[in-house]
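*Asks:* Below you will find the structure I want to go over with you.
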Amino acid sequence: MLIAGQSSAKITNLGVGTHILVNITAAEVTLRDLTIYGGNDAGVSVSGGAILHMDRCYVTGNTKNGIITDKSAFDIVNTVIAGNGTDGLSSGVALGSYTSSGPTKFAFNTVVNNGLVGVACGQTYTLTGILANGNGTANFTSSTCVTNGTTSTSTTPTSAPTIT
C-alpha cells in the first residue's frame, strides 16, 4: 500500500481520545511526502512483522515516539523527526529488535529536539548520514546505534519547528 501526500498533505490527531496516527501491523506500507504531527501517542507504529518504507516525511510534535518499530522491517530515508517524545519518556525514533528478513535501513534523516533520546536502537543497527542535535539525554543509544557518516552535536536548538 502506498500513501503519498500531495499539496502539503498532513495526518494529525483531531483531539478525541489517544491514538497512534499511523498504525501498521503485518502489512507492507510506503509513506511518502507526508507530515505526521500532533498525535497524543506515537506518530507511526510498525509491528507484527510489517514492513515500513518511509521517504520524505516530516514526523513532529507527537507525545510519545515519533516512529516506533517492533519486530518489523523498516526503510526510513530522507525524513525529519523533530519535537517528539514530549512526555519525557519517549524518543524521536525507537527501532525495536528484528530478526526476520527485510530491510533495516535508517539513512539520511534529520533527528532533532526529541524527548528522551533521538534514536534508540533495540539491537545493533547501522545508521547512515544522520543529522542529530538537541535530543534529550543523548542523540543515539551508544551501544546499539552504529553511526556511519553521521553528525551529532549536543547543542540545543533555540526553538522547535513550526507546522503551518
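Numbering starts fresh at 1 for the residues of each chain in the C-alpha cells, the chains themselves are lettered A, B, ... in the order given, and ligands are numbered from 1 as they appear.
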DSSP says strand (DSSP E or B) for which residues of segment 57-111 of chain A? Put them as a list in words?

*Replies:* Tyr58, Val59, Thr60, Ile67, Ile68, Thr69, Asp70, Ala73, Phe74, Asp75, Ile76, Val77, Val80, Ile81, Ala82, Val93, Ala94, Leu95, Thr104, Lys105, Phe106, Ala107, Thr110 and Val111 of chain A

*Asks:* Please provide the set of residues having any atom within 7 Å of Phe140 of chain A, restricted to only C-alpha atoms, with same-chain residues fewer than 6 positions apart removed, written as a count of residues only.

*Replies:* 4

*Asks:* Env of segment 16-30 of chain A: 6 Å cut, atoms = only C-alpha atoms, seq-sep filter 4 positions within chain, self excluded. Answer as a PyMOL selection string.

*Replies:* chain A and resi 1-2+40-54

*Asks:* Give me the residues near Thr128 of chain A as number ranges by chain, where near means some atom within 8 Å (using only C-alpha atoms) and where sequence neighbours in that chain fewer than 2 positions away do not count.

*Replies:* A: 106-108, 126, 130, 147-150

*Asks:* Could you tell me which of A:Ser91, A:Arg32, A:Leu116, A:Gly122 comes closest to Asp70 of chain A if we count only C-alpha atoms?

*Replies:*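 Distance minimum relative to Asp70 of chain A lands on A:Gly122.
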
*Asks:* Looking at only C-alpha atoms, which of A:Val112, A:Cys57, A:Val80, A:Cys145 is the one that sits closest to Ala94 of chain A?

*Replies:*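 Distance minimum relative to Ala94 of chain A lands on A:Cys145.
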
*Asks:* Restricting the calculation to only C-alpha atoms, which member of A:Ala82, A:Ile36, A:Leu95, A:Ile76 is positioned closest to Ala132 of chain A?

*Replies:*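 Of A:Ala82, A:Ile36, A:Leu95, A:Ile76, the one nearest Ala132 of chain A, counting only C-alpha atoms, is A:Ala82.
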
*Asks:* So the first atom is atom CA of Ile11 of chain A and the second is atom CA of Gly85 of chain A; what is the distance between them in Å, to one decimal place?

*Replies:* 17.4 Å

*Asks:* Could you tell me how far atom CA of Leu127 of chain A lies from atom CA of Thr86 of chain A, in Å and to one decimal?

*Replies:*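 Between atom CA of Leu127 of chain A and atom CA of Thr86 of chain A the gap works out to 23.4 Å.
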
*Asks:* One decimal, Å: what's the distance from atom CA of Thr104 of chain A over to atom CA of Val146 of chain A, could you say?

*Replies:*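 A separation of 12.6 Å between them.
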
*Asks:* Do a neighbour search on Gly115 of chain A at 9 Å with only C-alpha atoms, toss out local chain neighbours closer than 3 positions, and write the hits as a list in words.

*Replies:*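 Those residues are Lys64, Asn65, Gly83, Asn84, Gly85, Thr86, Asp87, Gly88, Leu89, Ser90, Ser91, Gly92, Gly118, Asn135, Gly136 and Thr137 of chain A.
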
*Asks:* Dump N, CA and C atoms for the selected residues as a PDB file, in the first residue's frame?

*Replies:*
ATOM      1  N   LYS A  64       4.339  10.718  22.313  1.00  0.00           N
ATOM      2  CA  LYS A  64       5.245   9.584  22.537  1.00  0.00           C
ATOM      3  C   LYS A  64       6.234   9.517  21.379  1.00  0.00           C
ATOM      4  N   ASN A  65       6.744   8.333  21.049  1.00  0.00           N
ATOM      5  CA  ASN A  65       7.746   8.206  19.980  1.00  0.00           C
ATOM      6  C   ASN A  65       7.224   8.753  18.659  1.00  0.00           C
ATOM      7  N   GLY A  83      10.908  17.099  17.591  1.00  0.00           N
ATOM      8  CA  GLY A  83       9.964  17.546  18.616  1.00  0.00           C
ATOM      9  C   GLY A  83       8.988  16.491  19.090  1.00  0.00           C
ATOM     10  N   ASN A  84       9.365  15.219  19.045  1.00  0.00           N
ATOM     11  CA  ASN A  84       8.513  14.140  19.541  1.00  0.00           C
ATOM     12  C   ASN A  84       8.956  13.735  20.947  1.00  0.00           C
ATOM     13  N   GLY A  85       8.186  12.865  21.593  1.00  0.00           N
ATOM     14  CA  GLY A  85       8.543  12.400  22.929  1.00  0.00           C
ATOM     15  C   GLY A  85       8.387  13.468  23.980  1.00  0.00           C
ATOM     16  N   THR A  86       7.383  14.281  23.834  1.00  0.00           N
ATOM     17  CA  THR A  86       7.188  15.380  24.772  1.00  0.00           C
ATOM     18  C   THR A  86       6.753  14.898  26.147  1.00  0.00           C
ATOM     19  N   ASP A  87       6.435  13.592  26.299  1.00  0.00           N
ATOM     20  CA  ASP A  87       6.107  13.044  27.617  1.00  0.00           C
ATOM     21  C   ASP A  87       7.350  12.842  28.471  1.00  0.00           C
ATOM     22  N   GLY A  88       8.554  13.030  27.873  1.00  0.00           N
ATOM     23  CA  GLY A  88       9.803  12.871  28.605  1.00  0.00           C
ATOM     24  C   GLY A  88      10.244  11.431  28.774  1.00  0.00           C
ATOM     25  N   LEU A  89       9.436  10.479  28.346  1.00  0.00           N
ATOM     26  CA  LEU A  89       9.754   9.054  28.468  1.00  0.00           C
ATOM     27  C   LEU A  89       9.987   8.400  27.119  1.00  0.00           C
ATOM     28  N   SER A  90       9.718   9.103  26.046  1.00  0.00           N
ATOM     29  CA  SER A  90       9.764   8.534  24.702  1.00  0.00           C
ATOM     30  C   SER A  90      10.817   9.236  23.867  1.00  0.00           C
ATOM     31  N   SER A  91      11.167   8.620  22.742  1.00  0.00           N
ATOM     32  CA  SER A  91      12.234   9.104  21.872  1.00  0.00           C
ATOM     33  C   SER A  91      11.697   9.572  20.535  1.00  0.00           C
ATOM     34  N   GLY A  92      12.570  10.185  19.763  1.00  0.00           N
ATOM     35  CA  GLY A  92      12.192  10.535  18.403  1.00  0.00           C
ATOM     36  C   GLY A  92      11.909   9.285  17.592  1.00  0.00           C
ATOM     37  N   GLY A 118      17.305  10.739  20.747  1.00  0.00           N
ATOM     38  CA  GLY A 118      16.973  10.948  19.342  1.00  0.00           C
ATOM     39  C   GLY A 118      16.592   9.640  18.660  1.00  0.00           C
ATOM     40  N   ASN A 135      18.707  16.361  21.218  1.00  0.00           N
ATOM     41  CA  ASN A 135      17.772  15.348  21.689  1.00  0.00           C
ATOM     42  C   ASN A 135      18.038  15.036  23.159  1.00  0.00           C
ATOM     43  N   GLY A 136      17.017  15.070  23.984  1.00  0.00           N
ATOM     44  CA  GLY A 136      17.051  14.734  25.405  1.00  0.00           C
ATOM     45  C   GLY A 136      18.384  14.377  26.011  1.00  0.00           C
ATOM     46  N   THR A 137      18.518  13.147  26.517  1.00  0.00           N
ATOM     47  CA  THR A 137      19.738  12.726  27.202  1.00  0.00           C
ATOM     48  C   THR A 137      20.846  12.318  26.241  1.00  0.00           C
TER      49      THR A 137
END

*Asks:* For a quick check of understanding, using only C-alpha atoms, which of A:Asp75, A:Ala138, A:Asn13, A:Thr99 has the smallest distance to Asn62 of chain A?

*Replies:*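 Ranked by minimum distance to Asn62 of chain A, first place goes to A:Asn13.
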
*Asks:* When you count only C-alpha atoms, which of these residues is closest to Leu31 of chain A: A:Thr60, A:Thr79, A:Thr69, A:Thr110?

*Replies:* A:Thr79
